[in-house]
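These notes concern the structure reproduced below.
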Amino acid sequence: MKQPGQTAAKLVSIIVPIGARRAQDIKALYDGYKSGVAGIGMPFEFIFVLDCVRCEVQQALEELLREGENFTIVRLTRHFGEAAALMAGFEHASGQLIVTLPAYDQVEPADIGKLVAALDDSDMVVGHRWPRYGNPIDRARRAAFHGLVNFVTRSRFSDLGCGARAMRRQVFEEIDLYGDQHRFMAILATRLGFRVREVALRQSPRDRLVRSYRPREYAHYVLDLFSIFFLVRFTKKPLRFFGMLGVATFSLGVLLIAYLSVERLFFGEPLADRPALLLAALLVVLGMQVFALGLLGELIIFTHARGMKDYRVEKVIQYSGIDATAAEDSDPAPGATSGRNTDIRQAPPAAIA
Amino acid sequence: MSGAKLTSDIERPGGGAAADRASQSHASPQAPHSRPRLSVIVPLFNEQESIRPLYAAIVQAVGDIGCTFEMVFVDDGSSDDTVRIATQIARLDSRLRIVKFRQNYGQTPAMAAGIEYACGEVLVTMDGDLQNDPADIRLLLEQIEAGFDIVVGWRHDRQDKLISRKIPSRIANWLIGKVTGVPIRDNGCSLKAFRGELIKRIPLYSEMHRFIPAMASIAGPRVAEIKVRHHARRYGQSKYGLSRIYKVLLDLMVIKTVATFASRPLRWFGLLALPLFLLSLLALFQTLTGVLIRHGGISLPIAGAGIIFLASAIILLCSGALAELIYSRGDIRDQEFFRLTQDTRPRRQSE
């Protein structure tokens with residue numbers, strides 16, 4: 001793809017989505033990030049995405065603009081979520097490298113350079129706060145969440161909550177984020193075939209305060225987990241998931257009914273006052289319903305299959321302009337490769353009307 | 001290399017003088033952007049030893065036929081030297097196109113990508129492990145020229161292990177034939193030829209490469225099956241084993257339902273719902289008469305069964321309506337499929 005070592009002249013776009021959770025002093029945050037990014041030694045631009053209703057951050061940012069700072073503010077009309085904010089910020093980014101940073105102090109700004117440097121041999125780099133502070137309960141909760149996610153998606157990430165990421169522009173162009181999927185950006189990028197790496201960043205001292213998680217957030221974790229599970233494992237084959245579930249439920253119900261019928265017919269056990277009958281009937285209906293859902297999913301995939309690619313092409317290699325007769329040599333010597341008439345194209349697929 | 005001569009021999013059923021005239025205006029087959037007659041698509045996954053002999057064999061075999069052709073090698077995320085060697089060959093042969101995947105996606109995506117990036121009038125797919133013989137491409141092409149839309153190879157003396165490969169394959173093929181109504185003896189053979197316009201319209205996803213003819217059956221193609229040679233594996237390891245049977249079964253079910261339901265989902269769901277609905281009416285009628293006329297008690301099992309049948313019927317009908325909605329919003333229609341296979345003279349590619 002891109003040659004390593006050529007990053008020197010590239011523009012870096014830094015996207016900071018400002019949502020419900022944000023630093024008290026946005027100016028201090030900006031100053032910190034700015035000095036950290038300036039340390040990389042590449043030209044950069046800042047994009048702040050205001051993803052909040054009536055937030056006072058806007059005044060602080062406009063104040064900074066008046067003081068002569070240079071950055072873009074993108075203001076969303078209401079709270080859309082971090083994933084949407086990132087996508088909105090990207091629409092205004094013109095850099096070849098994109099860095100996303102959290103709106104509150106998570107990592108030491110001086111470490112941003114590490115993220116960008118690691119892009120030399122990968123397409124996306126995600127931060128990983130290390131050493132990490134927190135009480136044992138926090139640690140256990142994090143370990144459980146990441147363990148489950150990694151198990152389900154067969155990946156290996158240890159800090160999905162870290163908002164500091166760096167990536168090539170192409171990653172953002174191809175990825176499609178919505179809802180709360182920013183947390184799983186690294187996993188989704190891996191699925192698209194990008195090389196994703198994790199880099200340890202020092203945790204900011206201000207990120208060390210003890211947080212209390214309300215039950216609602218646990219519920220969100222579980223729902224996120226379920227959505228990423230389905231997204232990664234079964235989006236292309238809904239019937240494998242729904243079908244299995246449906247057939248299992250259905251056959252359980254049928255077996256139960258058969259058992260009850262046998263008891264009724266041969267052993268004279270009355271049916272009417274048995275709750276098991278109700279259960280069996282419900283299982284049968286549920287099974288059918290789930291199976292029908294799977295079929296619907298399969299139909300959605302089928303009717304849209306041409307638009308959804310199962311694969312990602314890295315490049316198309318074809319050399320042109322060489323005399324075709326010279327190419328009859330079926331076993332060209334490796335030495336013949338010296339004429340570097342390279343014509344590696346990012347060719348669009350052949351369009352057939 | 002005079003491809004124009006040969007392409008003029010091609011006659012579709014009902015083809016004639018007009019086609020010949022058209023092909024004579026098809027002046028320079030070697031022009032950079034002219035459409036080749038044949039595309040040979042080969043998915044490659046860690047085939048560094050096979051790739052040179054394979055290339056040589058294809059060039060020799062297709063060169064003997066004498067039509068214009070191109071090769072599309074799809075590298076399915078190989079970790080060995082496959083891409084490097086292929087690039088060396090491509091540097092000397094502009095007819096070779098290499099489509100490199102970012103990572104390993106599997107055989108169906110590789111086939112689908114090859115089909116997408118190929119631009120020949122006839123597409124031939126084959127394995128990259130030298131088990132298919134490129135010399136058989138001629139036979140496939142002859143069948144296509146005789147008017148078939150899809151020609152599949154049949155490895156009649158298959159050089160594989162009996163227990164782990166041949167017997168499961170025999171069973172699977174029988175099952176696929178029964179279920180899809182496309183009785184092909186060897187679905188697993190990668191050596192197949194397609195008319196380009198047709199196969200480019202068939203959605204290929206999941207692990208459908210084994211079912212391309214079955215999947216294509218939604219378009220009602222004319223399918224021919226011919227015997228092809230099959231060699232024992234020379235290099236590398238076989239990449240598929242017994243574990244695929246479970247997936248084959250599920251995919252088969254998907255294809256069957258999708259192909260059956262796709263065109264008129266509401267009708268099919270309705271047909272399923274109808275008997276349930278009638279049963280529920282019967283049961284509810286029995287219950288009502290029991291209460292109103294005979295003044296007896298309600299038979300709970302019968303009333304319950306009635307309600308459940310009714311619920312199922314309603315669920316199925318609603319699903320059917322939803323399916324109809326999905327289908328009407330989707331981009332795959334029956335109409336375009338019959339256009340692909342109906343008997344009309346193929347339009348010649350203009351310059």
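By convention here, the chains of the structure tokens are called A, B, ... in the order presented, each chain's residues are numbered starting at 1, and ligands are numbered starting at 1 in the order presented.
The neighbours of B:Tyr55 here are the residues that come within 9 Å of it, using only C-alpha atoms and leaving out any residue fewer than 3 positions away in the same chain; they are Ser330 and Asp331 of chain A; Ser50, Ile51, Arg52, Ile58, Val59, Gln60, Met71, Ala86 and Ile89 of chain B.
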Give me a file of those residues, with C-alpha atoms, as a short mmCIF file (atom, residue, chain, number, x, y, z; two decimals), in the first residue's frame.
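File written: again-v8.cif
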data_model
loop_
_atom_site.label_atom_id
_atom_site.label_comp_id
_atom_site.auth_asym_id
_atom_site.auth_seq_id
_atom_site.Cartn_x
_atom_site.Cartn_y
_atom_site.Cartn_z
CA SER A 330 6.14 -18.94 -19.57
CA ASP A 331 8.92 -19.02 -17.06
CA SER B 50 2.02 -24.34 -8.66
CA ILE B 51 1.78 -20.89 -10.08
CA ARG B 52 4.45 -21.05 -12.79
CA ILE B 58 -2.95 -22.05 -19.30
CA VAL B 59 -0.99 -20.06 -21.85
CA GLN B 60 -0.25 -23.22 -23.80
CA MET B 71 -5.98 -14.42 -16.91
CA ALA B 86 2.74 -13.87 -9.97
CA ILE B 89 4.97 -13.22 -14.52
#
Residues of chain B no more than 6 Å from chain A, counting only C-alpha atoms: send them over as a VMD selection string. chain B and resid 56 91 to 94 97 to 103 109 116 to 117 119 203 300 to 301 312 323 330 to 332
Would you pick out the contacts of A:Glu56 at 12 Å or less, using only C-alpha atoms, so that residues sharing its chain but fewer than 6 positions from it are not included, and give the list as a PyMOL selection string? chain A and resi 18-20+22-26+50+62-63
What gap, in Å, lies between atom CA of B:Lys192 and atom CA of B:Ala219?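 Computing the Euclidean distance for atom CA of B:Lys192 and atom CA of B:Ala219 yields 16.9 Å.
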Need to verify the contact set: A:Glu45, 12 Å, only C-alpha atoms, exclusion of same-chain residues closer than 6 positions in sequence. Can you return it as a VMD selection string? chain A and resid 10 to 16 30 33 to 34 37 to 38 69 to 73 89 to 90 92 to 100
Based on the selection just made, write C-alpha atoms of those residues as a compact mmCIF listing (two decimals), in the first residue's frame.
# COMPACT_ATOMS: atom_id res chain seq x y z
CA LYS A 10 1.66 14.09 5.25
CA LEU A 11 -1.06 16.19 6.76
CA VAL A 12 -2.48 14.84 9.99
CA SER A 13 -6.12 15.54 10.77
CA ILE A 14 -7.00 15.35 14.42
CA ILE A 15 -10.65 14.73 15.16
CA VAL A 16 -11.89 15.37 18.69
CA TYR A 30 -6.36 21.64 23.33
CA TYR A 33 -2.93 17.95 22.39
CA LYS A 34 -1.45 20.71 20.27
CA VAL A 37 0.90 16.75 17.94
CA ALA A 38 3.44 19.45 17.17
CA GLU A 69 -5.95 29.52 17.00
CA ASN A 70 -6.73 27.69 13.81
CA PHE A 71 -9.12 24.75 13.84
CA THR A 72 -12.47 23.62 12.49
CA ILE A 73 -15.59 23.34 14.58
CA GLY A 89 -15.47 15.11 11.65
CA PHE A 90 -13.96 12.94 8.96
CA HIS A 92 -14.15 17.80 7.06
CA ALA A 93 -10.74 16.20 7.40
CA SER A 94 -8.30 16.57 4.54
CA GLY A 95 -5.26 14.82 5.98
CA GLN A 96 -3.87 11.52 4.74
CA LEU A 97 -3.53 10.44 8.34
CA ILE A 98 -6.42 10.70 10.74
CA VAL A 99 -5.98 10.81 14.48
CA THR A 100 -8.93 10.65 16.81
Give me, as a list of chain:residue names, all polymer residues having an atom no more than 8 Å from A:Trp130, counting only C-alpha atoms and skipping those fewer than 5 positions away in the same chain.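 Contacts, in chain order: A:Ala200, A:Leu201, A:Arg202, A:Gln203.
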Quick one: residues within 9 Å of A:Gly36, only C-alpha atoms counted, chain neighbours fewer than 2 positions away excluded, as a list in words? Asp31, Gly32, Tyr33, Lys34, Ala38, Gly39, Ile40, Glu108, Pro109, Ala110, Asp111, Ile112 and Gly113 of chain A
Fewer than 5 positions away in the same chain doesn't count, so skip those; otherwise give me all residues within 9 Å of B:Pro275, counting only C-alpha atoms, as a list in words.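 Result of the neighbour search: Ser280, Phe309 and Ala313 of chain B.
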Check the DSSP output for the backbone and give back, as an MDAnalysis selection string, the residues of stretch 99-310 of chain B in alpha helix (DSSP H). chainID B and resid 107:117 137:145 167:180 196:199 212:216 244:261 265:292 300:310
Report as an NGL selection string: the residues of stretch 34-271 of chain A with a DSSP assignment of strand (DSSP E), based on the backbone of this structure. :A and (44-50 or 72-75 or 97-100 or 124-129 or 165-168 or 196-201)
Generate the output file for the selected residues, C-alpha atoms, as a PDB file, in the first residue's frame.
ATOM      1  CA  PHE A  44      -1.689  19.080  11.244  1.00  0.00           C
ATOM      2  CA  GLU A  45      -5.232  20.360  11.510  1.00  0.00           C
ATOM      3  CA  PHE A  46      -7.673  20.111  14.386  1.00  0.00           C
ATOM      4  CA  ILE A  47     -11.352  19.336  13.986  1.00  0.00           C
ATOM      5  CA  PHE A  48     -13.658  19.564  16.975  1.00  0.00           C
ATOM      6  CA  VAL A  49     -17.039  17.937  16.602  1.00  0.00           C
ATOM      7  CA  LEU A  50     -19.615  19.234  19.055  1.00  0.00           C
ATOM      8  CA  THR A  72     -12.468  23.620  12.487  1.00  0.00           C
ATOM      9  CA  ILE A  73     -15.589  23.336  14.582  1.00  0.00           C
ATOM     10  CA  VAL A  74     -18.311  20.998  13.392  1.00  0.00           C
ATOM     11  CA  ARG A  75     -21.479  21.366  15.377  1.00  0.00           C
ATOM     12  CA  LEU A  97      -3.532  10.438   8.342  1.00  0.00           C
ATOM     13  CA  ILE A  98      -6.417  10.704  10.735  1.00  0.00           C
ATOM     14  CA  VAL A  99      -5.976  10.809  14.483  1.00  0.00           C
ATOM     15  CA  THR A 100      -8.934  10.652  16.814  1.00  0.00           C
ATOM     16  CA  MET A 124      -4.503   1.615  12.045  1.00  0.00           C
ATOM     17  CA  VAL A 125      -3.088   2.058  15.508  1.00  0.00           C
ATOM     18  CA  VAL A 126      -5.195   2.069  18.627  1.00  0.00           C
ATOM     19  CA  GLY A 127      -4.068   3.319  21.982  1.00  0.00           C
ATOM     20  CA  HIS A 128      -3.898   1.127  24.999  1.00  0.00           C
ATOM     21  CA  ARG A 129      -3.628   2.884  28.350  1.00  0.00           C
ATOM     22  CA  ARG A 165      -6.426   6.140  17.542  1.00  0.00           C
ATOM     23  CA  ALA A 166      -4.446   6.888  14.434  1.00  0.00           C
ATOM     24  CA  MET A 167      -5.165   5.529  10.987  1.00  0.00           C
ATOM     25  CA  ARG A 168      -4.675   6.036   7.313  1.00  0.00           C
ATOM     26  CA  VAL A 196      -4.406  -2.943  13.184  1.00  0.00           C
ATOM     27  CA  ARG A 197      -1.913  -2.596  15.995  1.00  0.00           C
ATOM     28  CA  GLU A 198      -2.170  -1.689  19.608  1.00  0.00           C
ATOM     29  CA  VAL A 199       0.318   0.698  21.140  1.00  0.00           C
ATOM     30  CA  ALA A 200       0.756   1.320  24.849  1.00  0.00           C
ATOM     31  CA  LEU A 201       0.239   4.934  25.875  1.00  0.00           C
TER      32      LEU A 201
END
What does the structure give for the distance between atom CA of B:Gln143 and atom CA of B:Glu47, in Å to one decimal?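 Going from atom CA of B:Gln143 over to atom CA of B:Glu47, I get 29.4 Å.
Across the structure, atom CA of B:Thr287 and atom CA of B:Ser319 are spaced 28.0 Å apart.
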